[in-house]
Amino acid sequence: MLCGGSRVLQHLSDHNHHNSIGLGLGFCGAKIVQLSSFFLRPSQAMAKSHHFSHKLRQRMISSFGSHCRTSGEVPILHNCFSQREDDPELPVEGLSPVSGGIVALGKFDALHIGHRELTIQASRIGAPYLLSFVGMAEVLGWEPRAPIVAKCDRQRVLTSWASYCGDRAPEEYEIEFASVRHLTPRQFVEKLSKELRVCGVVAGENYRFGYKASGDASELVRLCEECGITACIINSVMDMKQGSAKRDSGDSKDRGQVSSTRVRQALAAGDMRYVSELLGRAHRLILRVRTQDMPSERMISVPRSSILNLPPGIGIYKACLLLVGDESSVPCTVVVDTSNIHVETEEVRLCNLDWSQEFRLVSVEFG
């Protein structure tokens, strides 16, 4: 069964929503670049925009969520500008979890605004998924490092994106990197089409894939077209702090796009306002706290080994919020030093909270 083939999809106005390099950082932008083996010159696009919009309304696919178009039907994207409410979501036995969906391709470490825009575009075509590769550090021999978003906190972030994605939160699907590392670009796309049975992909203009990153965005479009699935290539979301020293990430492939590298550097610098701009939300640090980690009734002090994701750089951070389970958020001050994370409140006695378990996961949001 084939999905609707790759088509040119280009926004004809600038009132839309606003990258990684390779398998990497963030994608998505305000416009979708041209996709197929034919292109419209700007003058042609202007002349044909009304006709295109009329034809699009006439020929929308009724659903992209649970099935694909056959090769004999006109391959055109399902309503890219709104999300249908009647997409079926019942799982079909024997199919992959992403079967019939639209997968965003990348390495979604930070879940930043570029990644969010990528899922927005996927949701305009069908059921959105993030296709993540796990185990890359081990396979490639990278030095282990803390994730920007704690694994136990990723679902919360994705759920918060539902309002951007037609009230449907994107789901994350993980593939072991070792299982795809040696695939050629064609083999990788065939895996998406034949094994995972996706109906389309969304990627950034700088996306590279296949063994030794030998495939680029244009090849992705060509191969998807040959395999009968939709491909959308998205302009990168650019860092709005252009011209400032904060743009210099030290990455030779950096062209000024929002990226996980920029988030890590902003965290290291302790610039939490900048971090929030890149993430589109406050950074949340998850702590694993035991009763012995409370030296006083208003303080928590945990070693770095008890934090589940990347903290900001050494310093004092005021106007933060402490969250313990379902309890209300509590204003707090956070002190980060070389060995520990200290959280101090002024109003609430932490010893009054439920500490019946051996440990609790406590969250701190940085203002």
# chains A, B, ... in the order shown; residues from 1 in each chain; ligands from 1
$ closest_atom_pairs --of "stretch 215-313 of chain A" --to "stretch 200-204 of chain A" --cutoff "7 Å" --atoms "only C-alpha atoms" --output "CSV"
residue,atom,partner,partner_atom,distance
A:Ile229,CA,A:Gly200,CA,5.1
A:Thr230,CA,A:Gly200,CA,4.2
A:Ala231,CA,A:Val201,CA,5.0
A:Cys232,CA,A:Val202,CA,4.7
A:Ile233,CA,A:Ala203,CA,5.2
A:Ile234,CA,A:Gly204,CA,4.7
A:Asn235,CA,A:Gly204,CA,6.0
A:Ser236,CA,A:Gly204,CA,6.1
$ residues_around --residues "A:Ala282" --least-positions-apart "6" --cutoff "9 Å" --atoms "only C-alpha atoms" --output "MDAnalysis selection string"
chainID A and resid 272:273 275:276 365:367
$ select_by_dssp --residues "stretch 63-226 of chain A" --states "helix (DSSP H, G or I)" --output "number ranges by chain"
A: 113-123, 136-140, 151-160, 162-164, 177-179, 185-195, 211-213, 217-226
$ atom_distance --atom1 "atom CA of A:Gly315" --atom2 "atom CA of A:Ala266"
13.3 Å
$ atom_distance --atom1 "atom CA of A:Asn340" --atom2 "atom CA of A:Ser301"
6.6 Å
$ residues_around --residues "stretch 341-343 of chain A" --least-positions-apart "5" --cutoff "8 Å" --atoms "only C-alpha atoms" --output "PyMOL selection string"
chain A and resi 299-304+332-336
$ write_last_selection --atoms "C-alpha atoms" --output "tab-separated table (two decimals), in the first residue's frame"
chain	number	residue	atom	x	y	z
A	299	MET	CA	15.98	23.43	52.23
A	300	ILE	CA	16.73	20.59	49.85
A	301	SER	CA	20.35	19.80	49.03
A	302	VAL	CA	21.12	17.01	46.56
A	303	PRO	CA	24.36	15.90	44.89
A	304	ARG	CA	24.68	16.25	41.12
A	332	CYS	CA	12.22	29.20	45.86
A	333	THR	CA	15.83	30.15	45.29
A	334	VAL	CA	18.24	27.70	43.69
A	335	VAL	CA	21.99	27.61	44.25
A	336	VAL	CA	24.09	25.54	41.86
$ select_by_dssp --residues "stretch 211-295 of chain A" --states "strand (DSSP E)" --output "PyMOL selection string"
chain A and resi 230-234+284-290
$ write_last_selection --atoms "N, CA and C atoms" --output "CSV table (one decimal), in the first residue's frame"
chain,number,residue,atom,x,y,z
A,230,THR,N,4.7,11.1,1.4
A,230,THR,CA,4.8,12.6,1.4
A,230,THR,C,6.1,13.0,2.1
A,231,ALA,N,6.7,14.1,1.6
A,231,ALA,CA,7.9,14.6,2.3
A,231,ALA,C,7.7,16.2,2.3
A,232,CYS,N,7.9,16.7,3.5
A,232,CYS,CA,7.8,18.2,3.6
A,232,CYS,C,9.2,18.6,4.2
A,233,ILE,N,9.8,19.6,3.6
A,233,ILE,CA,11.0,20.2,4.0
A,233,ILE,C,10.8,21.6,4.5
A,234,ILE,N,11.2,21.8,5.8
A,234,ILE,CA,10.9,23.0,6.5
A,234,ILE,C,12.1,23.9,6.7
A,284,ARG,N,12.9,23.0,33.2
A,284,ARG,CA,12.5,22.3,34.4
A,284,ARG,C,13.6,21.3,34.7
A,285,LEU,N,14.1,21.4,35.9
A,285,LEU,CA,15.1,20.4,36.4
A,285,LEU,C,14.5,19.4,37.4
A,286,ILE,N,14.8,18.2,37.2
A,286,ILE,CA,14.2,17.1,38.0
A,286,ILE,C,15.2,16.6,38.9
A,287,LEU,N,14.9,16.6,40.2
A,287,LEU,CA,15.7,16.1,41.3
A,287,LEU,C,15.2,14.8,41.9
A,288,ARG,N,16.1,13.9,42.3
A,288,ARG,CA,15.7,12.7,43.0
A,288,ARG,C,16.0,13.0,44.5
A,289,VAL,N,15.0,13.2,45.3
A,289,VAL,CA,15.2,13.7,46.7
A,289,VAL,C,14.9,12.6,47.7
A,290,ARG,N,15.7,12.4,48.7
A,290,ARG,CA,15.5,11.5,49.8
A,290,ARG,C,15.3,12.4,51.1
$ residues_around --residues "A:Phe177" --least-positions-apart "4" --cutoff "8 Å" --atoms "only C-alpha atoms" --output "PyMOL selection string"
chain A and resi 133-136+139+181
$ write_last_selection --atoms "C-alpha atoms" --output "short mmCIF file (atom, residue, chain, number, x, y, z; two decimals), in the first residue's frame"
data_model
loop_
_atom_site.label_atom_id
_atom_site.label_comp_id
_atom_site.auth_asym_id
_atom_site.auth_seq_id
_atom_site.Cartn_x
_atom_site.Cartn_y
_atom_site.Cartn_z
CA PHE A 133 17.17 7.70 17.52
CA VAL A 134 18.44 6.33 20.83
CA GLY A 135 21.85 4.94 21.71
CA MET A 136 23.78 7.29 19.40
CA VAL A 139 27.45 3.63 19.11
CA ARG A 181 23.36 3.33 11.34
#
$ atom_distance --atom1 "atom CA of A:Ser163" --atom2 "atom CA of A:Ser193"
28.6 Å
